[in-house]
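Peer 1: File name start.cif; file contents mmCIF, C-alpha atoms; full text below.
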```
data_run
loop_
_atom_site.label_atom_id
_atom_site.label_comp_id
_atom_site.auth_asym_id
_atom_site.auth_seq_id
_atom_site.Cartn_x
_atom_site.Cartn_y
_atom_site.Cartn_z
CA MET A 1 -1.48 -62.69 -6.17
CA ILE A 2 -4.89 -63.50 -7.65
CA HIS A 3 -6.46 -66.65 -6.23
CA ILE A 4 -8.65 -68.37 -8.79
CA ALA A 5 -10.50 -71.66 -9.09
CA ILE A 6 -12.17 -73.55 -11.91
CA GLY A 7 -15.21 -75.68 -11.17
CA GLN A 8 -15.01 -78.44 -13.78
CA CYS A 9 -18.40 -80.09 -14.24
CA GLY A 10 -20.86 -80.98 -16.99
CA SER A 11 -24.55 -80.57 -17.71
CA THR A 12 -25.04 -84.31 -17.38
CA GLY A 13 -28.19 -84.23 -15.23
CA THR A 14 -31.20 -82.02 -14.83
CA ALA A 15 -30.72 -78.26 -14.49
CA GLU A 16 -31.43 -78.58 -10.77
CA GLU A 17 -28.91 -81.40 -10.31
CA ASN A 18 -26.27 -79.53 -12.29
CA GLN A 19 -26.81 -76.38 -10.26
CA GLN A 20 -26.42 -78.36 -7.03
CA GLU A 21 -23.10 -79.68 -8.34
CA MET A 22 -21.96 -76.14 -9.16
CA GLU A 23 -22.82 -75.06 -5.63
CA ARG A 24 -20.98 -78.06 -4.17
CA LEU A 25 -17.85 -77.22 -6.12
CA LEU A 26 -18.03 -73.55 -5.12
CA LEU A 27 -18.29 -74.50 -1.45
CA GLN A 28 -15.34 -76.87 -1.86
CA ALA A 29 -13.30 -74.14 -3.53
CA VAL A 30 -13.85 -71.53 -0.82
CA GLU A 31 -13.15 -74.08 1.89
CA GLU A 32 -9.88 -75.05 0.21
CA ASP A 33 -8.86 -71.44 -0.41
CA PRO A 34 -10.37 -68.84 1.95
CA LYS A 35 -8.64 -66.11 -0.08
CA LEU A 36 -10.38 -67.09 -3.32
CA ASP A 37 -10.89 -64.11 -5.65
CA LEU A 38 -12.51 -65.65 -8.73
CA MET A 39 -14.33 -68.89 -9.57
CA VAL A 40 -15.08 -69.87 -13.16
CA PHE A 41 -17.49 -72.53 -14.46
CA PRO A 42 -17.84 -73.98 -17.99
CA GLU A 43 -20.13 -72.89 -20.79
CA TYR A 44 -23.74 -74.14 -20.43
CA CYS A 45 -22.75 -76.20 -17.36
CA ARG A 46 -26.12 -75.72 -15.69
CA TYR A 47 -28.05 -76.80 -18.77
CA THR A 48 -27.14 -77.53 -22.38
CA PRO A 49 -30.11 -77.07 -24.73
CA ALA A 50 -30.99 -80.18 -26.72
CA SER A 51 -32.43 -78.31 -29.71
CA ARG A 52 -33.40 -74.91 -31.04
CA ALA A 53 -36.84 -75.28 -29.47
CA ASP A 54 -35.28 -76.30 -26.15
CA ALA A 55 -32.94 -73.29 -26.23
CA LEU A 56 -35.85 -70.94 -26.81
CA ASP A 57 -37.89 -72.63 -24.09
CA CYS A 58 -35.19 -72.43 -21.39
CA ALA A 59 -33.82 -69.01 -22.33
CA ILE A 60 -33.49 -66.46 -19.55
CA SER A 61 -34.53 -62.84 -19.84
CA LEU A 62 -32.32 -60.61 -17.73
CA GLU A 63 -35.09 -58.05 -17.62
CA ASP A 64 -37.01 -60.35 -15.28
CA PRO A 65 -35.99 -62.02 -11.99
CA ASP A 66 -34.53 -65.49 -12.53
CA PRO A 67 -33.94 -68.08 -9.78
CA PHE A 68 -30.60 -69.26 -11.20
CA ILE A 69 -29.13 -65.78 -11.61
CA ASP A 70 -30.47 -64.69 -8.23
CA ARG A 71 -28.90 -67.73 -6.58
CA MET A 72 -25.52 -67.15 -8.23
CA ARG A 73 -25.57 -63.53 -7.08
CA GLN A 74 -26.43 -64.64 -3.57
CA LEU A 75 -23.57 -67.15 -3.50
CA ALA A 76 -21.06 -64.57 -4.75
CA ARG A 77 -22.18 -62.21 -2.02
CA THR A 78 -22.20 -64.87 0.69
CA TYR A 79 -18.69 -66.10 -0.04
CA GLY A 80 -17.23 -62.76 -1.15
CA VAL A 81 -16.03 -64.27 -4.43
CA CYS A 82 -16.18 -62.92 -7.96
CA LEU A 83 -18.14 -65.54 -9.90
CA ILE A 84 -18.45 -66.50 -13.57
CA PRO A 85 -21.18 -69.19 -13.47
CA GLY A 86 -20.63 -70.49 -16.99
CA SER A 87 -23.01 -69.39 -19.73
CA PHE A 88 -26.73 -69.71 -20.39
CA PRO A 89 -29.19 -69.05 -23.23
CA GLU A 90 -30.43 -65.48 -23.00
CA ARG A 91 -33.59 -64.54 -24.86
CA ALA A 92 -32.92 -62.39 -27.93
CA GLY A 93 -36.32 -61.62 -29.40
CA GLU A 94 -38.86 -64.36 -30.04
CA ARG A 95 -36.88 -66.64 -32.35
CA LYS A 96 -33.26 -66.57 -31.14
CA VAL A 97 -31.07 -66.66 -28.05
CA CYS A 98 -27.62 -65.39 -27.15
CA ASN A 99 -24.96 -67.50 -25.45
CA THR A 100 -24.40 -65.21 -22.47
CA VAL A 101 -21.80 -65.08 -19.69
CA LEU A 102 -22.22 -62.91 -16.62
CA THR A 103 -19.44 -61.81 -14.31
CA ILE A 104 -20.77 -61.31 -10.79
CA GLY A 105 -18.85 -59.25 -8.25
CA ARG A 106 -18.10 -60.10 -4.64
CA ASP A 107 -21.09 -58.01 -3.58
CA GLY A 108 -23.46 -59.93 -5.83
CA GLU A 109 -23.75 -57.15 -8.38
CA ILE A 110 -23.41 -57.95 -12.09
CA LEU A 111 -20.14 -56.41 -13.32
CA GLY A 112 -20.31 -57.44 -16.97
CA LYS A 113 -22.20 -59.38 -19.62
CA TYR A 114 -20.69 -61.09 -22.65
CA GLN A 115 -22.66 -62.52 -25.56
CA LYS A 116 -20.64 -65.02 -27.60
CA ILE A 117 -19.44 -63.34 -30.78
CA HIS A 118 -18.32 -66.26 -32.95
CA LEU A 119 -21.05 -68.80 -33.74
CA PHE A 120 -20.16 -72.39 -34.57
CA ASP A 121 -21.41 -72.70 -38.13
CA ALA A 122 -19.01 -75.53 -38.92
CA ALA A 123 -18.53 -79.30 -38.86
CA GLY A 124 -22.21 -79.98 -39.44
CA TYR A 125 -23.48 -77.53 -36.81
CA GLN A 126 -25.43 -74.34 -37.47
CA GLU A 127 -25.54 -72.27 -34.30
CA SER A 128 -26.74 -69.24 -36.21
CA SER A 129 -30.04 -71.01 -36.94
CA TYR A 130 -31.17 -70.26 -33.40
CA MET A 131 -28.45 -68.12 -31.88
CA GLN A 132 -27.77 -64.41 -32.26
CA ALA A 133 -24.12 -63.38 -32.24
CA GLY A 134 -22.88 -60.77 -29.83
CA ASP A 135 -21.26 -57.65 -31.20
CA ALA A 136 -19.23 -56.26 -28.31
CA LEU A 137 -16.09 -57.11 -26.37
CA CYS A 138 -16.44 -57.79 -22.67
CA LEU A 139 -13.89 -56.32 -20.29
CA VAL A 140 -14.74 -56.49 -16.61
CA ASP A 141 -13.02 -54.35 -14.00
CA THR A 142 -12.64 -56.15 -10.68
CA ASP A 143 -10.73 -55.37 -7.50
CA PHE A 144 -7.95 -57.74 -8.65
CA GLY A 145 -7.64 -56.66 -12.29
CA ARG A 146 -9.32 -56.33 -15.67
CA VAL A 147 -10.80 -59.56 -17.01
CA GLY A 148 -11.49 -60.31 -20.69
CA VAL A 149 -14.16 -62.90 -21.44
CA LEU A 150 -14.40 -65.36 -24.36
CA VAL A 151 -16.54 -68.46 -24.95
CA CYS A 152 -15.38 -71.77 -26.48
CA TYR A 153 -15.21 -71.29 -30.30
CA ASP A 154 -13.97 -67.72 -29.71
CA LEU A 155 -10.56 -69.25 -28.95
CA ARG A 156 -10.11 -70.02 -32.65
CA PHE A 157 -10.16 -66.30 -33.47
CA PRO A 158 -6.93 -64.77 -32.11
CA GLU A 159 -8.13 -61.28 -33.02
CA LEU A 160 -10.61 -61.38 -30.14
CA ALA A 161 -8.12 -62.24 -27.41
CA ARG A 162 -5.64 -59.72 -28.83
CA SER A 163 -8.31 -57.01 -28.92
CA LEU A 164 -9.19 -57.71 -25.28
CA CYS A 165 -5.55 -57.44 -24.26
CA LEU A 166 -5.07 -54.25 -26.28
CA GLN A 167 -7.90 -52.79 -24.21
CA GLY A 168 -6.20 -53.71 -20.96
CA ALA A 169 -7.24 -57.27 -20.12
CA GLU A 170 -4.86 -58.65 -17.49
CA LEU A 171 -6.52 -62.06 -17.44
CA LEU A 172 -8.42 -63.97 -20.14
CA VAL A 173 -11.23 -66.32 -19.12
CA CYS A 174 -12.91 -68.82 -21.44
CA PRO A 175 -15.86 -70.98 -20.36
CA ALA A 176 -16.29 -73.80 -22.89
CA GLN A 177 -18.10 -76.95 -23.85
CA PHE A 178 -15.32 -78.37 -25.97
CA PRO A 179 -16.21 -81.95 -27.04
CA CYS A 180 -14.02 -84.83 -28.12
CA GLY A 181 -15.38 -84.35 -31.62
CA GLN A 182 -16.78 -87.79 -32.37
CA PRO A 183 -17.61 -88.71 -35.06
CA LEU A 184 -15.41 -85.80 -36.10
CA PRO A 185 -11.61 -85.79 -35.63
CA ALA A 186 -10.65 -85.55 -31.98
CA ARG A 187 -10.18 -82.00 -30.70
CA VAL A 188 -8.41 -82.63 -27.40
CA ASP A 189 -5.08 -81.34 -28.69
CA ASP A 190 -6.83 -78.33 -30.22
CA TRP A 191 -8.07 -77.27 -26.78
CA ASP A 192 -4.69 -77.59 -25.08
CA LEU A 193 -2.91 -75.71 -27.87
CA LEU A 194 -5.51 -72.97 -28.08
CA ILE A 195 -5.35 -72.19 -24.36
CA ARG A 196 -1.55 -72.24 -24.30
CA SER A 197 -1.11 -70.27 -27.53
CA THR A 198 -3.63 -67.64 -26.45
CA ALA A 199 -1.66 -67.15 -23.25
CA LEU A 200 1.73 -67.14 -25.00
CA THR A 201 0.94 -64.87 -27.94
CA ASN A 202 -0.69 -62.34 -25.63
CA LEU A 203 1.70 -62.88 -22.71
CA THR A 204 -1.39 -63.02 -20.52
CA TYR A 205 -2.75 -65.57 -18.05
CA THR A 206 -5.52 -67.58 -19.73
CA VAL A 207 -8.13 -69.67 -17.92
CA GLY A 208 -10.07 -72.37 -19.77
CA ALA A 209 -13.04 -73.96 -17.97
CA ASN A 210 -14.35 -76.91 -19.97
CA GLN A 211 -17.31 -79.20 -19.33
CA PHE A 212 -16.73 -82.85 -18.48
CA GLY A 213 -19.01 -85.85 -19.01
CA ILE A 214 -21.56 -87.25 -21.45
CA VAL A 215 -23.72 -84.35 -22.59
CA ARG A 216 -26.37 -85.20 -25.18
CA ARG A 217 -24.44 -86.79 -28.05
CA ASP A 218 -21.18 -85.05 -27.13
CA ALA A 219 -18.46 -85.93 -24.67
CA PRO A 220 -16.69 -82.81 -23.41
CA PHE A 221 -13.39 -84.04 -22.06
CA GLY A 222 -12.61 -81.51 -19.34
CA ARG A 223 -8.89 -80.70 -19.23
CA SER A 224 -9.76 -77.34 -17.71
CA CYS A 225 -6.54 -75.47 -17.13
CA VAL A 226 -4.68 -72.25 -16.47
CA ALA A 227 -1.76 -71.19 -18.65
CA ASP A 228 0.72 -68.53 -17.58
CA PRO A 229 2.10 -65.71 -19.79
CA ARG A 230 4.75 -68.05 -21.22
CA GLY A 231 2.11 -70.58 -22.25
CA THR A 232 3.01 -73.00 -19.48
CA VAL A 233 0.11 -74.85 -17.89
CA ILE A 234 0.32 -74.15 -14.16
CA ALA A 235 -2.86 -75.96 -13.11
CA ALA A 236 -4.99 -78.59 -14.82
CA ALA A 237 -8.00 -80.77 -14.10
CA SER A 238 -8.15 -84.53 -14.18
CA GLY A 239 -10.91 -86.45 -15.95
CA ARG A 240 -13.70 -85.89 -13.46
CA ASN A 241 -15.76 -83.21 -11.77
CA CYS A 242 -13.30 -81.30 -9.65
CA VAL A 243 -11.93 -77.97 -8.49
CA VAL A 244 -8.67 -76.64 -9.91
CA HIS A 245 -6.83 -73.90 -8.04
CA ALA A 246 -4.18 -71.48 -9.33
CA MET A 247 -2.45 -68.34 -8.16
CA LEU A 248 -1.73 -65.65 -10.73
CA ASP A 249 1.16 -63.23 -10.27
CA LEU A 250 0.56 -60.04 -12.26
CA ASP A 251 4.02 -58.74 -11.32
CA TYR A 252 5.49 -61.79 -13.07
CA GLN A 253 3.18 -61.16 -16.04
CA ARG A 254 4.35 -57.57 -16.35
CA GLU A 255 7.98 -58.75 -16.14
CA VAL A 256 7.42 -61.25 -18.98
CA GLN A 257 5.69 -58.62 -21.09
CA LYS A 258 8.54 -56.17 -20.50
CA ASN A 259 11.30 -58.68 -21.23
CA LEU A 260 9.81 -60.14 -24.40
CA ALA A 261 8.57 -56.72 -25.54
CA SER A 262 6.21 -58.07 -28.18
CA TRP A 263 3.61 -55.51 -27.16
CA ASN A 264 6.10 -52.69 -27.72
CA ASN A 265 7.41 -54.11 -31.00
CA ARG A 266 4.08 -54.61 -32.70
CA ARG A 267 3.70 -53.22 -36.28
CA PRO A 268 -0.03 -52.49 -36.68
CA ASP A 269 0.85 -50.22 -39.61
CA VAL A 270 1.58 -53.28 -41.76
CA TYR A 271 -0.97 -55.76 -40.41
CA CYS A 272 -3.97 -56.79 -42.46
CA LEU A 273 -6.94 -57.11 -40.10
#
```
Any chance you could put this one into structure tokens?
Peer 2:
Amino acid sequence: MIHIAIGQCGSTGTAEENQQEMERLLLQAVEEDPKLDLMVFPEYCRYTPASRADALDCAISLEDPDPFIDRMRQLARTYGVCLIPGSFPERAGERKVCNTVLTIGRDGEILGKYQKIHLFDAAGYQESSYMQAGDALCLVDTDFGRVGVLVCYDLRFPELARSLCLQGAELLVCPAQFPCGQPLPARVDDWDLLIRSTALTNLTYTVGANQFGIVRRDAPFGRSCVADPRGTVIAAASGRNCVVHAMLDLDYQREVQKNLASWNNRRPDVYCL
């Protein structure tokens, strides 16, 4: 069994206040489950940039020591937990940033880095005006399995999740800042369906960690959840900052994959990709 937890929270205060809330939720999670293997936080949960200039100003360079990254590594090491502390703006040259997710091992070492591939140039937004897209999949080998990482808008591109699973991902993790969509059409149902369909079509546990609260002009609605290989939600957050626990059974996952056989019956020779 893999013991996981989601720390649902939002970047509703200062970076320092948000980080304190992340630490509080992590402590709660390890107290509630001493066998915790993995804790996941939402996209940009420590700080959501207010503008292009703000993103450039707060961007982190991983080539230099950074207090936030150092603290997350220390916490992972202290509690012996694999940690995905949401995402943050990473400096990419002088004029752009990447939306970056680190996976930190139980020993505090960085096991993997993912830079969000699909930029949200839609619905009146233009992420590409200040953000540089990543160009590589992220698969992280841990002591409990191989983890594939996505971020938010990536969920709308099933090719990415499928590619991760084809390369051996046994668990998909997606930090997000998925808003209600106002004044756009509400996207609450989109989030639920995307998490469940990603799990079902890939027959693979899928973890969605979404922000919650009033963030700038958006209102991410939470609903962080874990879906099993049949697309059934086995754990879900309420509408508040909270910790969600789940236990993942990879033996059950392998049984589902064997019985439904959709991996074996694929026809890549006729697919148009």
Peer 1: What would the selection look like, as an MDAnalysis selection string, if the PyMOL selection byres ((chain A and resi 14) around 12) were run on the coordinates I just shared?
Peer 2: chainID A and resid 10:13 15:21 45:49 215:216
Peer 1: How would you write, as number ranges by chain, the residues chosen by the PyMOL selection byres ((chain A and resi 114-122) around 10) on this structure?
Peer 2: A: 87-90, 97-103, 112-113, 123-129, 131-140, 148-157, 160
Peer 1: I need the residue nearest A:Met1 from this list: A:Leu83, A:Val256, A:Ala227, A:Met247. Use all atoms listed in the file for the distance.
Peer 2: A:Met247
Peer 1: List every protein, DNA or RNA residue that has an atom no more than 10 Å from (-16.7, -79.4, -29.9) in the file's coordinate frame, counting all atoms listed in the file, and report them as a VMD selection string.
Peer 2: chain A and resid 120 123 125 152 to 153 176 to 182 184 to 188 190 to 191 218 to 221
Peer 1: Please determine an axis-aligned box that encloses all atoms of stretch 88-95 of chain A listed in the file, with 4 Å added on each side, and express its centre and edge lengths in Å to one decimal as lines of an AutoDock Vina configuration file.
Peer 2:
```
center_x = -32.8
center_y = -65.7
center_z = -26.4
size_x = 20.1
size_y = 16.1
size_z = 20.0
```
Peer 1: Can you measure atom CA of A:Arg223 to atom CA of A:Leu38 for me? One decimal in Å is fine.
Peer 2: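 Spanning atom CA of A:Arg223 to atom CA of A:Leu38 is a straight-line distance of 18.7 Å.
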Peer 1: So how far away is atom CA of A:Asp107 from atom CA of A:Pro42, in Å?
Peer 2: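 Computing it gives 21.8 Å between the two atoms.
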Peer 1: Which of these, A:Val173, A:Leu56, A:Leu193, A:Ala161, has the shortest distance to A:Ile6 once you count only C-alpha atoms?
Peer 2: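 When distances to A:Ile6 are compared using only C-alpha atoms, the smallest one comes from A:Val173.
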Peer 1: With a distance cut-off of 7 Å and all atoms listed in the file, select the neighbouring residues of A:Ser61, excluding the residue or stretch itself and same-chain residues fewer than 2 positions from it, and output the selection as a ChimeraX atom specification.
Peer 2: /A:59,63-64,90-91
Peer 1: Any idea what the distance is between atom CA of A:Leu250 and atom CA of A:Phe144?
Peer 2: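 Interatomic distance here is 9.5 Å.
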Peer 1: Written as a ChimeraX atom specification, which residues does the PyMOL selection byres ((chain A and resi 67-81) around 8) give for the file shown?
Peer 2: /A:30,36-39,65-66,82-83,85,104-110
Peer 1: Which neighbours of A:Gly7 fall inside 6 Å, counting only C-alpha atoms, when residues of the same chain fewer than 3 positions from it are skipped, and could you give them as a list in words?
Peer 2: Leu25, Phe41 and Val243 of chain A
Peer 1: Save the residues we just selected, C-alpha atoms, as a PDB file, in the coordinates of the input?
Peer 2:
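And here is the file that came out, selection-v9.pdb:
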```pdb
ATOM      1  CA  LEU A  25     -17.850 -77.220  -6.120  1.00  0.00           C
ATOM      2  CA  PHE A  41     -17.490 -72.530 -14.460  1.00  0.00           C
ATOM      3  CA  VAL A 243     -11.930 -77.970  -8.490  1.00  0.00           C
TER       4      VAL A 243
END
```
Peer 1: Restricting the calculation to only C-alpha atoms: of A:Thr201, A:Thr232, A:Gln28, A:Asn210, which residue gets closest to A:Ser262?
Peer 2: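 Closest to A:Ser262 of all the choices is A:Thr201.
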Peer 1: Which residues come within 10 Å of A:Ile195, counting all atoms listed in the file, excluding same-chain residues fewer than 6 positions away, as a list in words?
Peer 2: Leu155, Arg156, Leu172, Val173, Cys174, Tyr205, Thr206, Val207, Gly208, Ser224, Cys225, Val226, Ala227, Asp228, Gly231, Thr232 and Val233 of chain A
Peer 1: Extract stretch 123-157 of chain A from the structure I just pasted (atoms: C-alpha atoms) and return it as a PDB file, in the first residue's frame.
Peer 2:
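Saved file selection_24.pdb follows:
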```
ATOM      1  CA  ALA A 123     -10.231  32.090 -22.368  1.00  0.00           C
ATOM      2  CA  GLY A 124      -8.637  35.524 -22.332  1.00  0.00           C
ATOM      3  CA  TYR A 125      -5.364  34.414 -20.723  1.00  0.00           C
ATOM      4  CA  GLN A 126      -1.943  34.417 -22.373  1.00  0.00           C
ATOM      5  CA  GLU A 127       0.471  32.444 -20.221  1.00  0.00           C
ATOM      6  CA  SER A 128       2.997  32.311 -23.029  1.00  0.00           C
ATOM      7  CA  SER A 129       3.499  36.082 -22.746  1.00  0.00           C
ATOM      8  CA  TYR A 130       5.644  35.520 -19.668  1.00  0.00           C
ATOM      9  CA  MET A 131       5.970  31.763 -19.308  1.00  0.00           C
ATOM     10  CA  GLN A 132       8.247  29.335 -21.118  1.00  0.00           C
ATOM     11  CA  ALA A 133       6.789  25.897 -21.814  1.00  0.00           C
ATOM     12  CA  GLY A 134       8.593  22.801 -20.684  1.00  0.00           C
ATOM     13  CA  ASP A 135       9.600  20.234 -23.269  1.00  0.00           C
ATOM     14  CA  ALA A 136      10.132  17.029 -21.303  1.00  0.00           C
ATOM     15  CA  LEU A 137       8.062  14.450 -19.467  1.00  0.00           C
ATOM     16  CA  CYS A 138       8.689  13.996 -15.766  1.00  0.00           C
ATOM     17  CA  LEU A 139       8.833  10.489 -14.347  1.00  0.00           C
ATOM     18  CA  VAL A 140      10.143  10.158 -10.817  1.00  0.00           C
ATOM     19  CA  ASP A 141      11.360   6.876  -9.373  1.00  0.00           C
ATOM     20  CA  THR A 142      10.606   6.561  -5.665  1.00  0.00           C
ATOM     21  CA  ASP A 143      10.815   3.701  -3.198  1.00  0.00           C
ATOM     22  CA  PHE A 144       7.057   3.140  -3.594  1.00  0.00           C
ATOM     23  CA  GLY A 145       6.762   3.391  -7.387  1.00  0.00           C
ATOM     24  CA  ARG A 146       7.188   5.535 -10.482  1.00  0.00           C
ATOM     25  CA  VAL A 147       5.335   8.842 -10.368  1.00  0.00           C
ATOM     26  CA  GLY A 148       4.271  10.878 -13.418  1.00  0.00           C
ATOM     27  CA  VAL A 149       3.769  14.611 -12.900  1.00  0.00           C
ATOM     28  CA  LEU A 150       1.340  16.993 -14.640  1.00  0.00           C
ATOM     29  CA  VAL A 151       0.172  20.531 -13.827  1.00  0.00           C
ATOM     30  CA  CYS A 152      -3.403  21.866 -14.083  1.00  0.00           C
ATOM     31  CA  TYR A 153      -4.102  22.604 -17.798  1.00  0.00           C
ATOM     32  CA  ASP A 154      -2.040  19.517 -18.718  1.00  0.00           C
ATOM     33  CA  LEU A 155      -5.086  17.438 -17.724  1.00  0.00           C
ATOM     34  CA  ARG A 156      -6.861  18.599 -20.888  1.00  0.00           C
ATOM     35  CA  PHE A 157      -4.244  16.859 -23.046  1.00  0.00           C
TER      36      PHE A 157
END
```
